[in-house]
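For reference, input_8.cif (mmCIF, C-alpha atoms and all ligand atoms):
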data_my_file
loop_
_atom_site.label_atom_id
_atom_site.label_comp_id
_atom_site.auth_asym_id
_atom_site.auth_seq_id
_atom_site.Cartn_x
_atom_site.Cartn_y
_atom_site.Cartn_z
CA MET A 323 128.15 130.76 74.39
CA SER A 324 125.98 133.17 76.46
CA TYR A 325 127.50 135.69 78.85
CA LEU A 326 126.25 133.56 81.78
CA GLU A 327 128.13 130.56 80.38
CA THR A 328 131.26 132.71 79.90
CA THR A 329 130.87 133.78 83.54
CA ALA A 330 130.57 130.18 84.75
CA LYS A 331 133.66 129.21 82.72
CA PHE A 332 135.63 132.14 84.13
CA TYR A 333 134.75 131.24 87.74
CA SER A 334 135.57 127.62 87.11
CA GLU A 335 139.07 128.77 86.09
CA VAL A 336 139.59 131.04 89.10
CA ALA A 337 138.25 128.34 91.44
CA GLN A 338 141.10 126.09 90.33
CA THR A 339 143.79 128.80 90.06
CA PRO A 340 143.05 131.64 92.49
CA GLN A 341 143.43 135.14 91.07
CA VAL A 342 144.51 137.25 94.03
CA GLY A 343 142.90 140.70 94.06
CA LEU A 344 140.42 139.88 91.27
CA CYS A 345 137.62 141.98 92.73
CA CYS A 346 138.78 143.23 96.14
CA VAL A 347 138.67 146.86 97.22
CA GLN A 348 141.45 148.46 99.19
CA SER A 349 139.99 148.22 102.67
CA SER A 350 140.94 146.48 105.86
CA PRO A 351 139.41 142.98 106.00
CA LEU A 352 136.67 142.44 108.55
CA GLN A 353 138.47 141.27 111.72
CA LEU A 354 136.39 139.26 114.16
CA LEU A 355 137.59 138.02 117.53
CA GLY A 356 138.42 134.31 117.31
CA LEU A 357 137.97 134.07 113.53
CA LYS A 358 140.94 132.82 111.51
CA ILE A 359 140.61 132.87 107.74
CA PRO A 360 142.75 130.29 105.90
CA LEU A 361 145.22 131.79 103.42
CA ARG A 362 143.70 129.94 100.47
CA MET A 363 140.30 131.40 101.33
CA GLN A 364 141.79 134.90 101.55
CA GLU A 365 143.38 134.45 98.13
CA MET A 366 139.91 133.64 96.79
CA ASN A 367 138.29 136.78 98.15
CA TYR A 368 136.40 137.75 95.01
CA GLY A 369 134.16 140.30 96.73
CA CYS A 370 134.23 144.01 95.99
CA GLY A 371 133.31 145.21 99.47
CA THR A 372 131.64 143.50 102.39
CA THR A 373 128.13 142.23 102.98
CA VAL A 374 128.79 141.10 106.56
CA HIS A 375 127.34 143.84 108.77
CA PRO A 376 127.36 142.69 112.42
CA THR A 377 124.46 145.03 113.26
CA GLU A 378 122.22 142.95 110.96
CA LEU A 379 123.27 139.62 112.43
CA ALA A 380 122.49 139.90 116.13
CA ASP A 381 119.74 137.24 116.17
CA ALA A 382 121.70 134.39 114.51
CA PRO A 383 119.77 134.71 111.25
CA THR A 384 119.37 132.09 108.55
CA VAL A 385 121.43 133.43 105.65
CA LEU A 386 121.12 132.54 101.99
CA TYR A 387 124.41 133.40 100.30
CA VAL A 388 124.34 133.61 96.49
CA GLY A 389 127.62 132.84 94.66
CA VAL A 390 129.82 131.27 97.35
CA GLY A 391 133.24 131.97 95.79
CA GLY A 392 135.97 130.67 98.09
CA GLY A 393 133.59 130.68 101.07
CA LEU A 394 135.06 133.68 102.93
CA GLU A 395 131.81 135.52 103.61
CA ALA A 396 129.88 132.28 104.20
CA LEU A 397 132.38 131.59 107.00
CA GLN A 398 131.96 135.13 108.35
CA PHE A 399 128.17 134.76 108.38
CA ALA A 400 128.49 131.37 110.09
CA TYR A 401 130.52 133.14 112.82
CA PHE A 402 127.32 134.93 113.84
CA SER A 403 124.85 132.04 113.52
CA ARG A 404 126.89 128.97 114.57
CA ARG A 405 124.44 126.13 113.87
CA PRO A 406 124.09 123.48 111.18
CA GLY A 407 122.53 124.85 107.99
CA ALA A 408 122.49 128.46 109.25
CA VAL A 409 124.18 129.54 106.02
CA ILE A 410 122.88 128.13 102.74
CA ALA A 411 125.37 128.93 99.99
CA VAL A 412 124.10 128.62 96.43
CA GLU A 413 126.63 128.14 93.67
CA PRO A 414 126.22 126.88 90.07
CA VAL A 415 129.93 126.26 89.33
CA ALA A 416 131.07 122.77 90.42
CA ALA A 417 134.75 123.73 90.75
CA MET A 418 133.77 126.66 92.99
CA ARG A 419 131.59 124.45 95.17
CA ASP A 420 134.54 122.06 95.55
CA ALA A 421 136.97 124.90 96.36
CA ALA A 422 134.62 126.41 98.96
CA THR A 423 134.07 122.99 100.55
CA ARG A 424 137.83 122.46 100.84
CA ASN A 425 138.39 125.98 102.21
CA LEU A 426 135.67 125.56 104.83
CA GLU A 427 137.24 122.28 105.94
CA LEU A 428 140.54 124.16 106.35
CA ALA A 429 138.70 126.83 108.35
CA ALA A 430 137.30 124.17 110.70
CA LYS A 431 140.88 123.17 111.59
CA ASP A 432 141.79 126.74 112.58
CA ASN A 433 138.53 127.75 114.27
CA PRO A 434 137.35 125.54 117.18
CA TRP A 435 133.89 127.17 117.15
CA PHE A 436 133.28 126.32 113.45
CA GLU A 437 131.92 123.13 111.88
CA PRO A 438 131.61 122.73 108.10
CA SER A 439 127.93 121.74 108.62
CA PHE A 440 127.21 125.37 109.54
CA VAL A 441 127.48 126.18 105.80
CA GLU A 442 125.39 124.05 103.47
CA ILE A 443 126.59 124.45 99.90
CA ARG A 444 123.83 123.80 97.37
CA GLU A 445 123.93 123.58 93.61
CA GLY A 446 121.72 126.28 92.13
CA ASP A 447 121.77 129.76 90.75
CA ALA A 448 120.58 133.25 91.45
CA PHE A 449 117.56 132.89 89.15
CA ALA A 450 116.06 129.84 90.87
CA LEU A 451 117.12 129.80 94.51
CA PRO A 452 116.58 126.34 95.98
CA VAL A 453 114.58 127.46 99.03
CA PRO A 454 110.85 128.15 99.65
CA ASP A 455 109.17 131.57 99.64
CA ALA A 456 109.69 133.75 102.74
CA SER A 457 112.05 131.26 104.37
CA VAL A 458 115.27 133.17 105.16
CA ASP A 459 116.15 136.23 107.25
CA VAL A 460 119.04 137.44 105.13
CA VAL A 461 120.07 137.09 101.50
CA ALA A 462 123.61 138.19 100.64
CA GLN A 463 125.57 138.50 97.43
CA ASN A 464 128.93 140.07 96.86
CA CYS A 465 130.15 141.16 93.43
CA LEU A 466 127.82 138.86 91.48
CA PHE A 467 124.67 140.80 90.54
CA ASN A 468 126.70 143.52 88.76
CA ILE A 469 127.63 140.85 86.19
CA PHE A 470 123.99 140.34 85.21
CA GLU A 471 122.37 142.16 82.31
CA PRO A 472 119.45 144.35 83.49
CA ALA A 473 116.66 141.82 82.76
CA ASP A 474 118.61 139.10 84.59
CA LEU A 475 119.39 141.47 87.46
CA HIS A 476 115.64 142.07 87.79
CA ARG A 477 115.03 138.29 87.90
CA ALA A 478 117.79 137.75 90.49
CA LEU A 479 116.44 140.55 92.70
CA GLN A 480 112.90 139.16 92.41
CA GLU A 481 114.23 135.79 93.57
CA ALA A 482 116.00 137.38 96.55
CA PHE A 483 112.79 139.24 97.42
CA ARG A 484 110.73 136.03 97.10
CA VAL A 485 112.83 133.97 99.55
CA LEU A 486 113.16 136.70 102.19
CA LYS A 487 110.79 136.78 105.14
CA LEU A 488 108.88 140.01 105.69
CA ASN A 489 111.35 142.50 107.25
CA GLY A 490 114.20 140.36 105.91
CA ARG A 491 117.30 142.03 104.49
CA LEU A 492 119.23 141.81 101.25
CA LEU A 493 122.91 142.58 101.86
CA MET A 494 124.82 143.43 98.69
CA SER A 495 128.15 144.72 97.53
CA ASP A 496 128.68 145.57 93.86
CA PRO A 497 130.59 147.94 91.64
CA ILE A 498 128.61 150.89 90.29
CA ALA A 499 129.65 153.21 87.47
CA THR A 500 130.00 156.98 87.75
CA ARG A 501 128.45 157.26 84.26
CA PRO A 502 126.85 154.67 81.96
CA ILE A 503 129.38 152.15 80.66
CA PRO A 504 129.61 152.27 76.83
CA GLU A 505 128.03 149.41 74.95
CA HIS A 506 131.27 148.00 73.50
CA LEU A 507 132.49 147.32 77.07
CA GLN A 508 129.11 146.07 78.32
CA LYS A 509 129.15 143.49 75.56
CA ASP A 510 132.62 142.22 76.46
CA GLU A 511 131.63 139.03 78.29
CA ARG A 512 134.98 138.43 79.96
CA LEU A 513 135.19 141.98 81.33
CA ARG A 514 131.62 141.57 82.55
CA ALA A 515 132.52 138.29 84.28
CA MET A 516 135.49 140.09 85.90
CA CYS A 517 133.04 142.65 87.39
CA LEU A 518 134.47 145.43 85.22
CA SER A 519 131.84 146.26 82.63
CA GLY A 520 128.35 145.30 83.81
CA ALA A 521 128.05 147.97 86.52
CA LEU A 522 125.02 150.28 86.50
CA THR A 523 124.97 153.86 87.67
CA TYR A 524 123.99 154.42 91.31
CA GLU A 525 120.53 155.71 90.31
CA SER A 526 119.78 152.74 88.09
CA TYR A 527 121.07 150.24 90.65
CA ILE A 528 118.81 151.65 93.39
CA GLN A 529 115.84 151.81 91.02
CA HIS A 530 116.19 148.08 90.31
CA LEU A 531 115.91 147.40 94.05
CA VAL A 532 112.81 149.56 94.40
CA ASN A 533 111.26 148.04 91.25
CA VAL A 534 111.13 144.60 92.85
CA GLY A 535 109.55 145.96 96.03
CA PHE A 536 112.23 146.83 98.60
CA GLY A 537 110.76 149.70 100.63
CA GLN A 538 113.95 150.80 102.37
CA VAL A 539 117.57 150.82 101.27
CA GLU A 540 120.54 151.88 103.39
CA ILE A 541 123.96 152.65 101.94
CA ARG A 542 126.72 151.32 104.16
CA ALA A 543 129.76 152.28 102.06
CA ARG A 544 130.66 153.85 98.73
CA ARG A 545 134.28 154.08 97.68
CA PRO A 546 136.51 154.09 94.59
CA TYR A 547 136.86 150.61 93.10
CA ARG A 548 138.62 150.56 89.69
CA LEU A 549 139.47 152.99 86.91
CA LEU A 550 138.60 152.10 83.35
CA ASP A 551 141.28 154.23 81.74
CA ARG A 552 140.69 155.70 78.30
CA GLN A 553 143.78 154.14 76.68
CA THR A 554 143.07 150.52 77.68
CA TYR A 555 139.30 150.57 77.33
CA GLY A 556 138.85 152.74 74.22
CA LEU A 557 137.01 155.54 76.06
CA ASP A 558 136.74 159.30 75.46
CA ASP A 559 137.62 159.85 79.09
CA HIS A 560 138.55 157.79 82.14
CA LEU A 561 135.59 156.10 83.83
CA LEU A 562 135.68 155.52 87.58
CA LEU A 563 133.92 152.51 89.08
CA GLU A 564 132.90 152.63 92.72
CA SER A 565 132.05 149.88 95.15
CA LEU A 566 128.66 150.15 96.88
CA ASP A 567 127.68 148.23 100.03
CA SER A 568 123.95 148.32 100.76
CA VAL A 569 121.24 146.78 102.91
CA SER A 570 117.71 146.58 101.45
CA PHE A 571 114.71 145.79 103.61
CA LYS A 572 111.69 143.78 102.55
CA VAL A 573 109.19 146.26 103.95
CA PRO A 574 106.28 147.83 102.08
CA ILE A 575 107.11 150.82 99.90
CA PRO A 576 105.46 153.90 101.48
CA ASP A 577 102.83 155.69 99.35
CA ASP A 578 105.22 158.55 98.67
CA GLY A 579 108.09 156.30 97.59
CA ALA A 580 110.88 154.13 98.98
CA CYS A 581 113.19 155.42 101.72
CA ILE A 582 116.82 155.52 100.62
CA PHE A 583 119.29 156.42 103.35
CA THR A 584 122.63 157.77 102.17
CA GLY A 585 123.73 159.45 105.40
CA LYS A 586 121.97 162.82 105.02
CA THR A 587 120.82 164.68 108.11
CA ALA A 588 118.33 167.51 108.63
CA ILE A 589 119.13 170.32 111.09
CA TYR A 590 116.59 172.86 112.31
CA THR A 591 118.25 176.29 112.21
CA GLY A 592 115.41 178.42 113.59
CA SER A 593 114.97 179.99 117.02
CA LYS A 594 112.41 177.61 118.61
CA PRO A 595 113.55 174.56 120.61
CA ALA A 596 112.21 172.16 117.97
CA PHE A 597 110.59 171.94 114.56
CA ASP A 598 107.71 169.63 113.62
CA ASP A 599 107.00 169.12 109.90
CA GLN A 600 103.61 167.51 110.78
CA ALA A 601 104.69 164.45 108.79
CA GLY A 602 106.42 162.54 111.56
CA HIS A 603 109.74 164.39 111.76
CA ILE A 604 110.55 166.40 114.87
CA LEU A 605 113.93 168.13 114.69
CA GLN A 606 115.65 169.56 117.76
CA GLN A 607 117.23 172.96 117.18
CA GLY A 608 120.85 172.54 116.03
CA LEU A 609 120.81 168.74 116.31
CA PRO A 610 121.42 166.66 113.15
CA THR A 611 118.71 164.03 112.60
CA ALA A 612 119.16 161.21 110.09
CA VAL A 613 116.70 161.44 107.23
CA CYS A 614 116.18 159.49 104.03
CA ASP A 615 116.81 161.23 100.73
CA LYS A 616 113.08 161.59 100.00
CA THR A 617 112.48 163.39 103.31
CA ALA A 618 115.62 165.48 102.83
CA THR A 619 114.30 166.72 99.49
CA LYS A 620 110.86 167.51 100.94
CA LEU A 621 112.26 169.40 103.92
CA ALA A 622 114.68 171.37 101.74
CA THR A 623 111.88 172.23 99.30
CA PHE A 624 109.16 173.22 101.79
CA PHE A 625 111.27 174.76 104.58
CA PRO A 626 114.38 176.17 102.86
CA LYS A 627 114.87 178.94 105.44
CA ASP A 628 114.52 176.75 108.55
CA ILE A 629 116.17 173.48 107.63
CA LEU A 630 119.75 172.72 106.66
CA ILE A 631 120.32 169.41 104.87
CA THR A 632 123.81 167.92 105.10
CA ASP A 633 125.40 165.99 102.24
CA SER A 634 125.25 162.21 101.84
CA THR A 635 128.07 160.60 103.80
CA TRP A 636 127.46 157.30 101.94
CA HIS A 637 127.70 155.60 105.27
CA TYR A 638 124.48 155.00 107.13
CA ASN A 639 124.20 152.44 109.89
CA GLY A 640 120.51 152.04 110.60
CA GLY A 641 117.68 153.68 112.49
CA GLY A 642 116.15 156.60 110.66
CA CYS A 643 113.29 158.92 110.12
CA CYS A 644 110.45 157.15 108.37
C1 LIG A 701 132.82 137.64 91.83
S1 LIG A 701 132.59 136.04 92.52
C2 LIG A 701 132.19 136.48 94.19
C3 LIG A 701 132.40 135.37 95.15
C4 LIG A 701 132.09 135.67 96.60
N1 LIG A 701 130.81 136.29 96.73
C5 LIG A 701 133.17 136.54 97.23
O1 LIG A 701 132.83 137.63 97.73
O2 LIG A 701 134.33 136.16 97.24
C6 LIG A 701 131.01 135.52 91.85
C7 LIG A 701 130.54 134.15 92.33
O3 LIG A 701 129.21 133.90 91.84
C8 LIG A 701 129.19 132.63 91.19
N2 LIG A 701 128.17 132.69 90.11
C9 LIG A 701 128.35 132.88 88.79
N3 LIG A 701 127.17 132.87 88.15
C10 LIG A 701 126.21 132.68 89.10
C11 LIG A 701 124.80 132.58 89.07
N4 LIG A 701 124.11 132.68 87.94
N5 LIG A 701 124.14 132.37 90.24
C12 LIG A 701 124.82 132.26 91.41
N6 LIG A 701 126.17 132.35 91.49
C13 LIG A 701 126.86 132.56 90.35
C14 LIG A 701 130.61 132.45 90.69
O4 LIG A 701 130.90 131.11 90.37
C15 LIG A 701 131.39 132.99 91.86
O5 LIG A 701 131.50 132.04 92.88
#
What would you get if you wrote out this structure as structure tokens?
Amino acid sequence: MSYLETTAKFYSEVAQTPQVGLCCVQSSPLQLLGLKIPLRMQEMNYGCGTTVHPTELADAPTVLYVGVGGGLEALQFAYFSRRPGAVIAVEPVAAMRDAATRNLELAAKDNPWFEPSFVEIREGDAFALPVPDASVDVVAQNCLFNIFEPADLHRALQEAFRVLKLNGRLLMSDPIATRPIPEHLQKDERLRAMCLSGALTYESYIQHLVNVGFGQVEIRARRPYRLLDRQTYGLDDHLLLESLDSVSFKVPIPDDGACIFTGKTAIYTGSKPAFDDQAGHILQQGLPTAVCDKTATKLATFFPKDILITDSTWHYNGGGCC
């Protein structure tokens, strides 16, 4: 059996018998006015963060959701788009498709604004998304891509890139590892399926996104997720996993490299009213300006006496320098 088959088997089990807290992070659930989430759907929250960022959803986008789980985030996306077929949820596991269908029918009873037709559940998988090129505004996946081995992750990201319109956004939440996960854990297919041993480091995760062509990535949240303790997992030392929420934009990669926003700002500390780096960044004296990590490094390197760069907050909500 391949690790992808083990994964499908695992999710078939947890579709039939919910495993509360399988992947969730300790954070308050996204509360939206007039949205009631059925208990059964909450119990099947198998996401490790959130991909539903209201700032990305203002224009009722068409959303392709990969790996529907119990349907929680599909419902949340439908809240913003509210029309038949606005959310296309792709799921290879029959039992999970059935569970999500049932949960969405329950949601329709509790939410007068919602109709099950708003979410179209399609059989398919992350490596062959059943939609044409450049046809959706948003692709979202929560706690699925971390399960994939690197070559499969590359394929899944290429597929997401293919189906997005130009300027479209890939919204993701996944665990990342604070150091590379040892091979004996990476090879454990059940741990991988449980989102515990496939995670990449932050640097490698971001590089995969850039490798398929995303020109801008914004980090929306980064927080502790799980501890792989040395006793249970046969490690020299404890290994902390974090949860990373990100938004990647299908825009061209600038000549000098992709823009990755992690919440850094640049502050001009000199005595003039403003500073112009002649590369498109004008900084007002004493006023923090959001910059991507590439620009932060350049400013700190070329103007060390005049510019203060603040640390990554790991929470960046849009806009920016480049
Ligand atoms: C960790 S769960 C996350 C579910 C959902 N995103 C959530 O936040 O609750 C992973 C989901 O991806 C599905 N899945 C597994 N392999 C897949 C594949 N190759 N392509 C698409 N979805 C897959 C699983 O059946 C399951 O529904």
Pick out the residues no farther than 6 Å from ligand LIG 701 (chain A), counting all atoms listed in the file, and list them as number ranges by chain.
A: 329-330, 333, 367-369, 388-392, 413-415, 418, 447-448, 463-466
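Within the 9 Å cut-off around Leu563 (chain A), using only C-alpha atoms and omitting residues fewer than 2 positions from it on the same chain, the listed residues are Pro497, Ile498, Ala499, Thr500, Arg501, Leu518, Ala521, Arg545, Pro546, Tyr547, Arg548, Leu549, Leu550, Leu561 and Ser565 of chain A.
Here the question is which of A:Gly356, A:His530, A:Val342, A:Phe625 gets nearest to Asp432 (chain A) using only C-alpha atoms, and that residue is A:Gly356.
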So which one's closest to Gly640 (chain A), A:Asp558, A:Asp628, A:Glu327, A:Glu378? Using only C-alpha atoms, please.
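Of A:Asp558, A:Asp628, A:Glu327, A:Glu378, the one nearest Gly640 (chain A) is A:Glu378, counting only C-alpha atoms.
Closest approach to Leu355 (chain A) from the set A:Ile503, A:Met323, A:Ala422, A:Phe402 is made by A:Phe402, with distances taken over only C-alpha atoms.
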Pick from A:Leu531, A:Ala462, A:Ile469, A:Leu361: nearest to Arg512 (chain A), with only C-alpha atoms counted?
A:Ile469
Which residues are close to Leu479 (chain A), i.e. within 12 Å by all atoms listed in the file, leaving aside same-chain residues fewer than 3 positions away? Reply as a ChimeraX atom specification.
/A:388,448-451,461-463,466-468,470,472-476,482-486,491-494,527-536,570,572
How many Å lie between CA of Pro576 (chain A) and CA of Thr619 (chain A), rounded to one decimal?
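Rounded to one decimal, the two atoms are 15.7 Å apart.
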Please, what distance in Å, to one decimal, runs between CA of Ala380 (chain A) and CA of Gly446 (chain A)?
27.6 Å
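Across the structure, CA of Gly490 (chain A) and CA of Gln364 (chain A) are spaced 28.5 Å apart.
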Neighbouring residues of Leu386 (chain A) were defined as those with any atom within 8 Å, considering all atoms listed in the file; residues of the same chain fewer than 6 positions away were excluded. Please report them as number ranges by chain.
A: 409-412, 458, 460-462
Can you pull out every residue within 10 Å of Arg542 (chain A), counting all atoms listed in the file, but drop anything in the same chain fewer than 5 positions away, and send it as a PyMOL selection string?
chain A and resi 372-373+375+493-495+566-569+583-585+635-640
Selection file, C-alpha atoms, as an mmCIF file, in the frame of the given file:
data_model
loop_
_atom_site.group_PDB
_atom_site.id
_atom_site.type_symbol
_atom_site.label_atom_id
_atom_site.label_comp_id
_atom_site.auth_asym_id
_atom_site.auth_seq_id
_atom_site.Cartn_x
_atom_site.Cartn_y
_atom_site.Cartn_z
ATOM 1 C CA THR A 372 131.640 143.500 102.390
ATOM 2 C CA THR A 373 128.130 142.230 102.980
ATOM 3 C CA HIS A 375 127.340 143.840 108.770
ATOM 4 C CA LEU A 493 122.910 142.580 101.860
ATOM 5 C CA MET A 494 124.820 143.430 98.690
ATOM 6 C CA SER A 495 128.150 144.720 97.530
ATOM 7 C CA LEU A 566 128.660 150.150 96.880
ATOM 8 C CA ASP A 567 127.680 148.230 100.030
ATOM 9 C CA SER A 568 123.950 148.320 100.760
ATOM 10 C CA VAL A 569 121.240 146.780 102.910
ATOM 11 C CA PHE A 583 119.290 156.420 103.350
ATOM 12 C CA THR A 584 122.630 157.770 102.170
ATOM 13 C CA GLY A 585 123.730 159.450 105.400
ATOM 14 C CA THR A 635 128.070 160.600 103.800
ATOM 15 C CA TRP A 636 127.460 157.300 101.940
ATOM 16 C CA HIS A 637 127.700 155.600 105.270
ATOM 17 C CA TYR A 638 124.480 155.000 107.130
ATOM 18 C CA ASN A 639 124.200 152.440 109.890
ATOM 19 C CA GLY A 640 120.510 152.040 110.600
#
Quick one: everything within 12 Å of Leu426 (chain A), counting only C-alpha atoms, minus sequence neighbours fewer than 6 positions away in the same chain. Send it as a ChimeraX atom specification.
/A:358-364,390-398,400,411,419-420,432-433,436-443
Restricting the output to C-alpha atoms, write the selected residues as a tab-separated table (two decimals), keeping the file's coordinate frame.
chain	number	residue	atom	x	y	z
A	358	LYS	CA	140.94	132.82	111.51
A	359	ILE	CA	140.61	132.87	107.74
A	360	PRO	CA	142.75	130.29	105.90
A	361	LEU	CA	145.22	131.79	103.42
A	362	ARG	CA	143.70	129.94	100.47
A	363	MET	CA	140.30	131.40	101.33
A	364	GLN	CA	141.79	134.90	101.55
A	390	VAL	CA	129.82	131.27	97.35
A	391	GLY	CA	133.24	131.97	95.79
A	392	GLY	CA	135.97	130.67	98.09
A	393	GLY	CA	133.59	130.68	101.07
A	394	LEU	CA	135.06	133.68	102.93
A	395	GLU	CA	131.81	135.52	103.61
A	396	ALA	CA	129.88	132.28	104.20
A	397	LEU	CA	132.38	131.59	107.00
A	398	GLN	CA	131.96	135.13	108.35
A	400	ALA	CA	128.49	131.37	110.09
A	411	ALA	CA	125.37	128.93	99.99
A	419	ARG	CA	131.59	124.45	95.17
A	420	ASP	CA	134.54	122.06	95.55
A	432	ASP	CA	141.79	126.74	112.58
A	433	ASN	CA	138.53	127.75	114.27
A	436	PHE	CA	133.28	126.32	113.45
A	437	GLU	CA	131.92	123.13	111.88
A	438	PRO	CA	131.61	122.73	108.10
A	439	SER	CA	127.93	121.74	108.62
A	440	PHE	CA	127.21	125.37	109.54
A	441	VAL	CA	127.48	126.18	105.80
A	442	GLU	CA	125.39	124.05	103.47
A	443	ILE	CA	126.59	124.45	99.90
Nearest residue to Ile541 (chain A) from the set A:Cys614, A:Ile589, A:Ala408, A:Leu562 (distances using all atoms listed in the file)
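Residue with the minimum atom-to-atom distance to Ile541 (chain A): A:Cys614.
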